[in-house]
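Structure file my_file.cif with mmCIF, C-alpha atoms and all ligand atoms:
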data_work
#
loop_
_atom_site.label_atom_id
_atom_site.label_comp_id
_atom_site.auth_asym_id
_atom_site.auth_seq_id
_atom_site.Cartn_x
_atom_site.Cartn_y
_atom_site.Cartn_z
CA MET A 1 284.92 155.99 112.76
CA ASP A 2 282.09 154.33 110.92
CA THR A 3 283.82 152.37 108.19
CA ASP A 4 280.65 151.36 106.37
CA ASN A 5 281.44 152.46 102.83
CA SER A 6 278.15 151.54 101.22
CA GLU A 7 277.85 155.13 100.05
CA ILE A 8 281.21 155.18 98.30
CA THR A 9 280.60 155.10 94.61
CA GLY A 10 283.87 156.50 93.25
CA ILE A 11 284.67 154.91 89.92
CA ASN A 12 287.99 153.03 89.91
CA VAL A 13 288.01 152.36 93.65
CA PRO A 14 288.75 148.63 93.67
CA ALA A 15 286.01 146.41 95.03
CA LEU A 16 286.92 143.54 97.33
CA SER A 17 284.06 141.52 95.84
CA GLY A 18 286.04 141.11 92.61
CA MET A 19 289.33 140.02 94.18
CA THR A 20 290.66 136.50 94.57
CA ILE A 21 292.77 135.63 97.63
CA THR A 22 295.84 136.00 95.42
CA ASN A 23 294.73 139.48 94.28
CA LEU A 24 294.12 140.44 97.91
CA ALA A 25 297.48 139.10 99.05
CA GLU A 26 299.19 141.13 96.31
CA ALA A 27 297.27 144.29 97.19
CA LEU A 28 298.07 143.84 100.90
CA LYS A 29 301.61 142.53 100.61
CA ASP A 30 302.85 144.53 103.60
CA GLU A 31 300.24 142.97 105.87
CA LYS A 32 300.30 139.65 107.69
CA PRO A 33 299.81 136.82 105.16
CA TYR A 34 296.57 135.55 106.72
CA ARG A 35 294.79 138.90 106.35
CA ALA A 36 293.89 138.22 102.70
CA LYS A 37 292.15 135.00 103.67
CA GLN A 38 290.27 136.71 106.52
CA ILE A 39 288.99 139.46 104.25
CA PHE A 40 288.07 136.99 101.50
CA SER A 41 286.09 134.99 104.00
CA TRP A 42 284.18 138.09 105.20
CA ILE A 43 283.18 138.98 101.65
CA ALA A 44 281.93 135.42 101.08
CA ARG A 45 279.92 135.60 104.29
CA GLY A 46 278.11 138.63 102.95
CA ALA A 47 279.80 141.42 104.95
CA GLN A 48 278.73 144.79 103.61
CA SER A 49 280.67 147.03 105.97
CA PHE A 50 284.23 146.96 107.25
CA ASP A 51 282.92 147.25 110.82
CA GLU A 52 281.54 143.73 110.51
CA MET A 53 285.05 142.38 110.02
CA THR A 54 285.60 142.08 113.74
CA ASN A 55 288.70 139.90 113.60
CA LEU A 56 290.59 142.70 111.84
CA PRO A 57 292.24 145.48 113.93
CA ARG A 58 290.25 148.71 113.93
CA GLN A 59 293.10 150.69 112.37
CA PHE A 60 293.45 148.16 109.58
CA ARG A 61 289.71 148.31 108.85
CA LYS A 62 289.99 152.07 108.58
CA GLN A 63 292.87 151.71 106.16
CA LEU A 64 290.89 149.21 104.08
CA ALA A 65 287.93 151.56 103.92
CA GLU A 66 290.19 154.24 102.49
CA GLN A 67 291.48 151.98 99.73
CA PHE A 68 288.58 149.72 98.79
CA VAL A 69 284.86 149.42 98.54
CA ILE A 70 283.24 146.11 99.45
CA ARG A 71 280.65 146.04 96.67
CA LYS A 72 280.49 148.57 93.88
CA SER A 73 276.91 148.08 92.64
CA ARG A 74 273.69 148.73 94.48
CA VAL A 75 270.23 147.21 94.31
CA THR A 76 267.69 149.66 92.93
CA GLU A 77 264.73 147.33 92.57
CA LYS A 78 263.63 143.97 93.91
CA LEU A 79 260.67 142.17 92.36
CA GLU A 80 259.19 138.86 93.42
CA ASP A 81 256.95 136.59 91.39
CA ARG A 82 254.33 134.51 93.14
CA ASP A 83 256.23 131.41 91.96
CA GLY A 84 259.09 132.48 94.27
CA THR A 85 261.40 133.90 91.60
CA VAL A 86 263.18 137.08 92.68
CA LYS A 87 264.64 139.57 90.24
CA LEU A 88 267.07 142.29 91.27
CA ARG A 89 267.93 145.33 89.28
CA LEU A 90 271.42 146.62 90.03
CA CYS A 91 272.80 150.04 89.28
CA LEU A 92 276.49 150.08 88.41
CA GLU A 93 278.94 152.88 89.12
CA ASP A 94 278.55 154.43 85.68
CA GLY A 95 274.76 154.36 85.86
CA ALA A 96 274.35 151.23 83.70
CA ALA A 97 271.70 148.81 84.91
CA ILE A 98 271.74 145.04 84.90
CA GLU A 99 269.40 142.38 86.20
CA THR A 100 269.94 139.11 88.02
CA VAL A 101 267.51 136.42 89.08
CA LEU A 102 267.09 133.90 91.89
CA LEU A 103 265.05 130.85 90.90
CA ALA A 104 263.69 128.77 93.74
CA ALA A 105 262.74 125.84 91.60
CA PRO A 106 264.12 123.60 88.88
CA GLY A 107 264.22 125.24 85.47
CA GLU A 108 263.27 122.14 83.59
CA SER A 109 261.72 118.75 83.85
CA ASN A 110 261.60 115.78 81.57
CA SER A 111 259.02 113.85 83.47
CA ASP A 112 256.39 116.19 84.85
CA HIS A 113 254.35 117.95 82.20
CA SER A 114 252.19 119.89 84.59
CA PRO A 115 253.43 123.36 85.48
CA GLU A 116 254.22 123.94 89.12
CA LYS A 117 251.53 125.42 91.27
CA PRO A 118 252.17 128.97 92.50
CA GLY A 119 254.28 129.01 95.64
CA GLN A 120 255.26 125.36 95.25
CA HIS A 121 259.03 125.49 95.63
CA ASN A 122 261.59 122.87 95.06
CA ASN A 123 263.54 122.24 98.22
CA GLY A 124 266.64 121.15 96.42
CA ARG A 125 267.77 123.58 93.80
CA LEU A 126 268.22 127.28 94.33
CA THR A 127 269.70 128.87 91.25
CA ALA A 128 271.38 132.21 90.64
CA CYS A 129 271.09 133.44 87.05
CA LEU A 130 273.93 135.89 86.42
CA SER A 131 274.52 138.55 83.77
CA THR A 132 277.92 139.19 82.19
CA GLN A 133 277.29 142.28 80.05
CA ALA A 134 275.18 145.41 80.18
CA GLY A 135 273.08 144.86 77.07
CA CYS A 136 274.24 142.34 74.49
CA PRO A 137 275.81 142.63 71.04
CA VAL A 138 274.27 139.43 69.66
CA GLY A 139 270.84 141.02 69.25
CA CYS A 140 268.65 137.90 69.21
CA VAL A 141 265.24 139.02 68.00
CA PHE A 142 263.43 136.99 70.68
CA CYS A 143 265.34 138.47 73.62
CA LYS A 144 264.65 141.75 75.41
CA THR A 145 268.32 142.18 76.32
CA GLY A 146 269.24 141.83 72.67
CA SER A 147 266.93 144.71 71.79
CA LEU A 148 268.84 147.07 74.11
CA GLY A 149 272.08 147.04 72.13
CA PHE A 150 275.43 146.64 73.81
CA LEU A 151 276.75 148.95 76.49
CA ARG A 152 279.78 147.23 78.02
CA ASN A 153 281.30 144.14 79.56
CA LEU A 154 280.87 143.68 83.30
CA GLU A 155 283.85 143.49 85.61
CA ALA A 156 284.43 140.40 87.75
CA ALA A 157 283.19 142.32 90.81
CA GLU A 158 279.95 143.24 89.04
CA ILE A 159 279.35 139.56 88.30
CA THR A 160 280.19 138.24 91.79
CA GLU A 161 278.07 140.94 93.41
CA GLN A 162 274.97 139.65 91.66
CA PHE A 163 275.58 136.35 93.41
CA LEU A 164 276.30 138.04 96.74
CA TYR A 165 273.06 140.04 96.66
CA LEU A 166 271.05 136.95 95.65
CA SER A 167 272.80 134.95 98.33
CA ASP A 168 271.72 137.50 100.97
CA ILE A 169 268.12 136.96 99.82
CA ALA A 170 268.45 133.17 99.70
CA LYS A 171 269.67 133.11 103.28
CA LYS A 172 266.90 135.40 104.54
CA LYS A 173 264.03 134.04 102.46
CA GLU A 174 264.85 130.37 102.08
CA GLY A 175 267.29 129.89 104.95
CA ARG A 176 269.75 128.17 102.68
CA ARG A 177 272.56 128.57 100.23
CA ILE A 178 272.36 128.98 96.50
CA SER A 179 273.11 125.57 94.98
CA ASN A 180 273.45 126.30 91.26
CA ILE A 181 274.74 129.05 89.02
CA VAL A 182 273.56 129.58 85.47
CA VAL A 183 275.30 132.23 83.41
CA MET A 184 272.26 132.91 81.28
CA GLY A 185 271.34 136.46 82.23
CA MET A 186 272.06 139.58 80.21
CA GLY A 187 274.88 139.36 77.70
CA GLU A 188 277.00 136.79 75.88
CA PRO A 189 279.33 135.31 78.54
CA LEU A 190 281.99 134.12 76.11
CA LEU A 191 282.53 137.68 74.91
CA ASN A 192 283.55 138.52 78.48
CA LEU A 193 285.34 135.34 79.36
CA GLU A 194 288.20 136.80 81.37
CA ALA A 195 285.91 138.53 83.85
CA LEU A 196 283.63 135.49 84.02
CA ARG A 197 286.60 133.24 84.73
CA ALA A 198 287.75 135.52 87.55
CA ALA A 199 284.23 135.74 89.00
CA LEU A 200 283.75 131.96 88.97
CA ASP A 201 287.19 131.51 90.54
CA ILE A 202 286.01 133.67 93.41
CA LEU A 203 282.57 132.06 93.72
CA CYS A 204 283.95 128.51 93.59
CA SER A 205 286.92 129.10 95.89
CA LYS A 206 286.99 126.64 98.77
CA SER A 207 288.11 129.45 101.11
CA GLY A 208 284.99 131.44 100.29
CA LEU A 209 281.58 130.63 98.89
CA ASN A 210 282.71 127.19 97.72
CA CYS A 211 280.12 126.84 94.96
CA SER A 212 280.37 123.53 93.18
CA LYS A 213 281.97 123.76 89.73
CA ARG A 214 279.75 120.90 88.66
CA LYS A 215 276.73 123.07 89.32
CA VAL A 216 277.75 125.96 87.10
CA THR A 217 276.32 126.19 83.60
CA VAL A 218 277.49 128.72 81.03
CA SER A 219 275.18 129.38 78.11
CA THR A 220 276.54 130.76 74.85
CA SER A 221 274.99 131.82 71.59
CA GLY A 222 277.94 130.07 69.89
CA ILE A 223 281.14 132.11 70.15
CA THR A 224 283.55 129.59 68.64
CA ARG A 225 286.78 131.11 69.93
CA GLY A 226 285.28 131.38 73.43
CA ILE A 227 284.24 127.71 73.43
CA LEU A 228 287.78 126.71 72.41
CA ASP A 229 289.26 129.03 75.04
CA MET A 230 286.99 127.50 77.69
CA ALA A 231 287.97 124.00 76.58
CA GLU A 232 291.63 124.89 77.04
CA ASN A 233 291.63 127.27 79.99
CA GLY A 234 288.33 126.84 81.82
CA PRO A 235 286.28 127.76 83.68
CA GLU A 236 285.19 124.20 84.31
CA ALA A 237 281.47 124.34 83.75
CA GLU A 238 278.58 122.71 82.00
CA LEU A 239 278.15 124.29 78.60
CA ALA A 240 274.85 125.09 76.94
CA LEU A 241 274.52 126.27 73.35
CA SER A 242 271.59 128.53 72.66
CA LEU A 243 270.95 126.97 69.26
CA THR A 244 267.35 128.05 68.54
CA SER A 245 267.53 126.72 64.99
CA ALA A 246 269.85 124.23 63.30
CA ARG A 247 268.94 125.74 59.93
CA GLU A 248 271.73 128.23 59.38
CA ALA A 249 269.80 130.77 57.31
CA LEU A 250 266.97 130.98 59.85
CA ARG A 251 269.40 131.05 62.78
CA ASN A 252 271.30 133.97 61.25
CA ARG A 253 268.05 135.89 60.90
CA LEU A 254 266.99 135.14 64.47
CA MET A 255 270.42 135.75 66.00
CA PRO A 256 271.99 138.35 63.71
CA GLY A 257 275.07 139.03 65.83
CA ILE A 258 276.32 135.46 65.57
CA GLN A 259 276.88 135.34 61.85
CA GLY A 260 280.69 135.06 61.98
CA ASN A 261 280.31 131.69 63.72
CA SER A 262 278.86 129.06 61.40
CA LEU A 263 276.98 126.07 62.77
CA ALA A 264 279.72 123.77 61.47
CA GLN A 265 282.43 125.77 63.27
CA ILE A 266 280.39 125.83 66.46
CA LYS A 267 279.87 122.08 66.33
CA GLU A 268 283.60 121.49 65.85
CA ALA A 269 284.35 123.69 68.86
CA LEU A 270 281.74 121.84 70.94
CA GLN A 271 283.36 118.53 70.01
CA VAL A 272 286.73 119.86 71.19
CA TYR A 273 285.08 120.99 74.42
CA GLN A 274 283.49 117.61 74.97
CA LYS A 275 286.74 115.80 74.35
CA LYS A 276 288.65 118.01 76.79
CA GLN A 277 286.04 118.36 79.51
CA GLY A 278 284.12 115.11 79.07
CA ARG A 279 280.80 116.81 79.56
CA ARG A 280 277.47 116.58 77.82
CA ILE A 281 276.40 119.73 75.98
CA THR A 282 272.92 121.13 76.39
CA LEU A 283 271.32 122.42 73.21
CA GLU A 284 268.76 125.09 74.08
CA ILE A 285 265.92 125.76 71.71
CA VAL A 286 263.81 128.83 72.36
CA LEU A 287 260.55 127.77 70.75
CA LEU A 288 258.92 130.57 68.79
CA GLY A 289 255.34 129.94 67.77
CA GLY A 290 255.04 129.21 64.05
CA ILE A 291 258.75 129.84 63.38
CA ASN A 292 260.94 126.98 64.58
CA THR A 293 258.54 124.30 65.76
CA GLY A 294 257.98 122.31 62.56
CA GLU A 295 259.13 118.93 61.32
CA GLU A 296 261.87 120.42 59.14
CA GLU A 297 263.32 122.11 62.22
CA ALA A 298 263.24 118.90 64.23
CA SER A 299 265.04 117.02 61.43
CA ALA A 300 267.74 119.69 61.13
CA LEU A 301 268.18 119.68 64.89
CA ALA A 302 268.43 115.90 65.01
CA ALA A 303 271.08 115.94 62.29
CA TYR A 304 273.04 118.66 64.10
CA ALA A 305 272.89 116.94 67.47
CA ALA A 306 273.75 113.50 66.07
CA GLN A 307 277.53 113.70 66.57
CA LEU A 308 277.35 115.40 69.94
CA SER A 309 276.60 113.99 73.35
CA THR A 310 273.67 116.22 74.13
CA ILE A 311 270.53 116.87 75.99
CA ILE A 312 267.99 119.11 74.25
CA ASN A 313 266.26 121.71 76.37
CA LEU A 314 263.09 123.26 74.98
CA ILE A 315 262.34 126.78 76.20
CA PRO A 316 258.91 128.05 75.18
CA TRP A 317 259.40 131.72 74.34
CA ASN A 318 258.47 134.19 77.07
CA PRO A 319 256.85 137.33 75.70
CA ALA A 320 258.61 140.65 76.03
CA GLU A 321 257.09 143.86 74.78
CA GLY A 322 257.97 145.12 71.34
CA LEU A 323 259.84 142.08 70.04
CA GLN A 324 259.21 141.32 66.40
CA PHE A 325 260.65 139.08 63.72
CA GLU A 326 260.76 140.61 60.26
CA GLY A 327 257.90 142.95 60.92
CA LYS A 328 255.61 140.49 62.69
CA ASN A 329 255.01 140.19 66.40
CA LEU A 330 256.48 137.05 67.91
CA ARG A 331 254.04 134.70 69.56
CA GLU A 332 254.32 132.06 72.25
CA PRO A 333 254.22 128.49 70.97
CA GLU A 334 250.99 126.66 71.62
CA GLU A 335 251.09 123.65 73.91
CA ARG A 336 250.36 121.44 70.92
CA GLU A 337 253.39 122.83 69.03
CA ILE A 338 255.69 122.29 71.99
CA GLU A 339 254.65 118.71 72.62
CA THR A 340 254.67 117.77 68.92
CA PHE A 341 258.19 119.15 68.58
CA ARG A 342 259.26 117.30 71.68
CA ALA A 343 257.77 114.05 70.38
CA LEU A 344 259.57 114.46 67.03
CA LEU A 345 262.89 114.65 68.86
CA GLU A 346 262.14 111.85 71.28
CA GLN A 347 261.15 109.58 68.40
CA ARG A 348 264.63 110.20 67.03
CA GLY A 349 266.14 109.01 70.29
CA PHE A 350 267.09 112.31 71.93
CA ALA A 351 266.83 113.14 75.62
CA VAL A 352 264.58 116.21 75.80
CA THR A 353 263.80 118.45 78.74
CA ARG A 354 261.45 121.35 78.89
CA ARG A 355 262.04 124.48 80.89
CA TYR A 356 259.00 125.65 82.76
CA ARG A 357 258.23 129.30 82.92
CA ARG A 358 259.34 131.07 86.02
CA GLY A 359 259.35 134.73 86.96
CA ARG A 360 257.19 135.86 84.03
CA SER A 361 255.09 138.36 85.99
CA ILE A 362 258.27 140.25 86.93
CA SER A 363 259.91 139.93 83.49
CA GLY A 364 262.48 137.68 85.08
CA ALA A 365 262.09 134.68 82.78
CA CYS A 366 264.46 133.63 80.05
CA GLY A 367 264.68 136.30 77.34
CA GLN A 368 262.88 138.97 79.37
CA LEU A 369 265.77 140.61 81.23
CA GLY A 370 266.24 144.29 80.67
CA ALA A 371 262.53 144.89 80.12
CA ALA A 372 262.81 148.14 82.05
CA GLY A 373 265.54 149.49 79.79
CA GLY A 374 269.33 149.30 79.64
CA ASN A 375 270.35 152.19 81.83
CA GLY A 376 269.14 153.30 85.15
S1 LIG B 401 269.60 135.53 74.02
FE1 LIG B 401 271.60 135.78 75.03
S2 LIG B 401 272.99 136.13 73.30
FE2 LIG B 401 270.93 136.50 72.49
S3 LIG B 401 270.61 138.73 72.75
FE3 LIG B 401 269.79 137.69 74.58
S4 LIG B 401 271.45 137.79 76.07
FE4 LIG B 401 272.36 138.15 74.04
#
Write the structure described by the file as structure tokens, please.
Ligand code: SF4
Amino acid sequence: MDTDNSEITGINVPALSGMTITNLAEALKDEKPYRAKQIFSWIARGAQSFDEMTNLPRQFRKQLAEQFVIRKSRVTEKLEDRDGTVKLRLCLEDGAAIETVLLAAPGESNSDHSPEKPGQHNNGRLTACLSTQAGCPVGCVFCKTGSLGFLRNLEAAEITEQFLYLSDIAKKKEGRRISNIVVMGMGEPLLNLEALRAALDILCSKSGLNCSKRKVTVSTSGITRGILDMAENGPEAELALSLTSAREALRNRLMPGIQGNSLAQIKEALQVYQKKQGRRITLEIVLLGGINTGEEEASALAAYAAQLSTIINLIPWNPAEGLQFEGKNLREPEEREIETFRALLEQRGFAVTRRYRRGRSISGACGQLGAAGGNG
């Protein structure tokens, strides 16, 4: 019997991709104890059919195929930018669509001001940018995902599968493993922390993909209770706050879904996180031309960052169709605005990096995910 179940799409059939070794051992408690580890290892190696699992008895593979699927999402579109960025669009069991991105270059630099030349890849870092929700409830005005509204949280399997599909591409295209994970795709990760925790457990397991916990960054819009939960219960990860503006009134207008979390509360939570985890926080500023690039903004940011151990990451806004702020089209910041803002922060003694634009021609850059719509 052909036990390739890539066509199985039945909702509620558990996916092996979302199971830890412990989950597998529980689900297969009548089997030999080492079977869970064998299966876990096959999933990590990218197996997409039960027939590939050649160290499992044929009858057992058949039984597995009746109970589980390997991956529950499928790739419906693959786009590649000439800078090497690859974006995948995945269709989930219920028809929802999400996007995930493979970046074959560093996302930022604090020393080189000249953009990379097309096709010039970095040989070190290969980064998977993962989504945690279909749509997003925060509704940032500068983000395409935010304009889609919120559909639902992703399951752990739907998060790990993004990595698995990107990993297949990394192996084929680059001949190497993904080195970094950034949870900066569609959705607010700290509103889906349980599934994210489970997914990162799987991705960082030494018996499987063995991703380095030190190379995982989670970016939040500032969900205070989620930051405190992470501080207490993990996952261990670098934390980035998508701050955008340290002036509360402006921030609340730019990121309307975050209003229950004041800047003061967020800072307190970040301080708890730093104390517990001993890690520097990245403050991300999406620079919007003419909106948050002035001196007043830089002063407010400097005051906010003063009691935190931080690095400030400037992200020049990437255009996405139809995004407006209070009736006016958003615009990209000019080079002069970016560098003046950077200088204002550096003069105040802050370490500042700047994220270079990657994947823009395929709407795969920061803030552009979901450009093709939320369902598909
Ligand atoms: S920037 Fe992040 S938090 Fe804001 S709408 Fe987009 S995905 Fe959601």
Pick out the residues no farther than 8 Å from ligand LIG 401 (chain B), counting all atoms listed in the file, and list them as a short mmCIF file (atom, residue, chain, number, x, y, z; two decimals) with C-alpha atoms, keeping the file's coordinate frame.
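Saved file part.cif follows:
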data_model
loop_
_atom_site.label_atom_id
_atom_site.label_comp_id
_atom_site.auth_asym_id
_atom_site.auth_seq_id
_atom_site.Cartn_x
_atom_site.Cartn_y
_atom_site.Cartn_z
CA GLY A 135 273.08 144.86 77.07
CA CYS A 136 274.24 142.34 74.49
CA PRO A 137 275.81 142.63 71.04
CA VAL A 138 274.27 139.43 69.66
CA GLY A 139 270.84 141.02 69.25
CA CYS A 140 268.65 137.90 69.21
CA VAL A 141 265.24 139.02 68.00
CA PHE A 142 263.43 136.99 70.68
CA CYS A 143 265.34 138.47 73.62
CA LYS A 144 264.65 141.75 75.41
CA THR A 145 268.32 142.18 76.32
CA GLY A 146 269.24 141.83 72.67
CA SER A 147 266.93 144.71 71.79
CA MET A 184 272.26 132.91 81.28
CA GLY A 185 271.34 136.46 82.23
CA MET A 186 272.06 139.58 80.21
CA GLY A 187 274.88 139.36 77.70
CA GLU A 188 277.00 136.79 75.88
CA SER A 219 275.18 129.38 78.11
CA THR A 220 276.54 130.76 74.85
CA SER A 221 274.99 131.82 71.59
CA SER A 242 271.59 128.53 72.66
CA MET A 255 270.42 135.75 66.00
CA GLY A 367 264.68 136.30 77.34
#
Determine the axis-aligned bounding box of all atoms of stretch 223-234 of chain A present in the file, pad each side by 3 Å, and express its centre and edge lengths in Å to one decimal place as lines of an AutoDock Vina configuration file.
center_x = 286.4
center_y = 128.1
center_z = 75.2
size_x = 16.5
size_y = 14.1
size_z = 19.2
(message) Would you pick out the contacts of A:Ser212 at 12 Å or less, using only C-alpha atoms, so that residues sharing its chain but fewer than 3 positions from it are not included, and give the list as a PyMOL selection string?
(response) chain A and resi 177-182+200-206+208-209+215-217+235-238
(message) Just checking: using all atoms listed in the file, which residue out of A:Ala264, A:Ile291, A:Leu239, A:Ala104 ends up closest to A:Ser309?
(response)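 Going through A:Ala264, A:Ile291, A:Leu239, A:Ala104 one by one, the smallest distance to A:Ser309 is for A:Leu239.
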(message) Given all atoms listed in the file as the basis, pick out the residue of A:Pro316, A:Pro333, A:Gly84, A:Gly327 nearest to A:Tyr356.
(response)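 Nearest candidate to A:Tyr356 out of A:Pro316, A:Pro333, A:Gly84, A:Gly327: A:Pro316.
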(request) Have a look at atom CA of A:Gly349 and atom CA of A:Ile312 and let me know their distance in Å, one decimal. (result)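 Distance reported for this atom pair: 11.0 Å.
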(message) Just to confirm, what's the straight-line distance from atom CA of A:Thr244 to atom CA of A:Ile285 in Å (one decimal)?
(response)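 A separation of 4.2 Å between them.
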(request) Would you mind reading off the distance between atom CA of A:Asn192 and atom CA of A:Glu80, one decimal, in Å? (result)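 Rounded to one decimal, the two atoms are 28.6 Å apart.
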(request) Using only C-alpha atoms, determine which residues lie at most 9 Å from A:Glu158, disregarding the query and same-chain residues fewer than 4 positions distant; provide the list as a ChimeraX atom specification. (result) /A:17-18,71-73,92,131-132,154,162,199
(request) Quick one: everything within 12 Å of A:Gly289, counting only C-alpha atoms, minus sequence neighbours fewer than 2 positions away in the same chain. Send it as a ChimeraX atom specification. (result) /A:142,286-287,291-294,315-319,325,328-338,341
Expected file: the selected residues, C-alpha atoms, as a short mmCIF file (atom, residue, chain, number, x, y, z; two decimals), in the frame of the given file:
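Just written: result_36.cif:
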data_model
loop_
_atom_site.label_atom_id
_atom_site.label_comp_id
_atom_site.auth_asym_id
_atom_site.auth_seq_id
_atom_site.Cartn_x
_atom_site.Cartn_y
_atom_site.Cartn_z
CA PHE A 142 263.43 136.99 70.68
CA VAL A 286 263.81 128.83 72.36
CA LEU A 287 260.55 127.77 70.75
CA ILE A 291 258.75 129.84 63.38
CA ASN A 292 260.94 126.98 64.58
CA THR A 293 258.54 124.30 65.76
CA GLY A 294 257.98 122.31 62.56
CA ILE A 315 262.34 126.78 76.20
CA PRO A 316 258.91 128.05 75.18
CA TRP A 317 259.40 131.72 74.34
CA ASN A 318 258.47 134.19 77.07
CA PRO A 319 256.85 137.33 75.70
CA PHE A 325 260.65 139.08 63.72
CA LYS A 328 255.61 140.49 62.69
CA ASN A 329 255.01 140.19 66.40
CA LEU A 330 256.48 137.05 67.91
CA ARG A 331 254.04 134.70 69.56
CA GLU A 332 254.32 132.06 72.25
CA PRO A 333 254.22 128.49 70.97
CA GLU A 334 250.99 126.66 71.62
CA GLU A 335 251.09 123.65 73.91
CA ARG A 336 250.36 121.44 70.92
CA GLU A 337 253.39 122.83 69.03
CA ILE A 338 255.69 122.29 71.99
CA PHE A 341 258.19 119.15 68.58
#
Which residues, written as a compact mmCIF listing (two decimals) with C-alpha atoms, keeping the file's coordinate frame, have at least one atom at most 8 Å from A:Ala269, with only C-alpha atoms counted and residues fewer than 4 positions away on the same chain left out?
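The new file selection.txt reads:
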# COMPACT_ATOMS: atom_id res chain seq x y z
CA THR A 224 283.55 129.59 68.64
CA ARG A 225 286.78 131.11 69.93
CA ILE A 227 284.24 127.71 73.43
CA LEU A 228 287.78 126.71 72.41
CA GLN A 265 282.43 125.77 63.27
CA TYR A 273 285.08 120.99 74.42
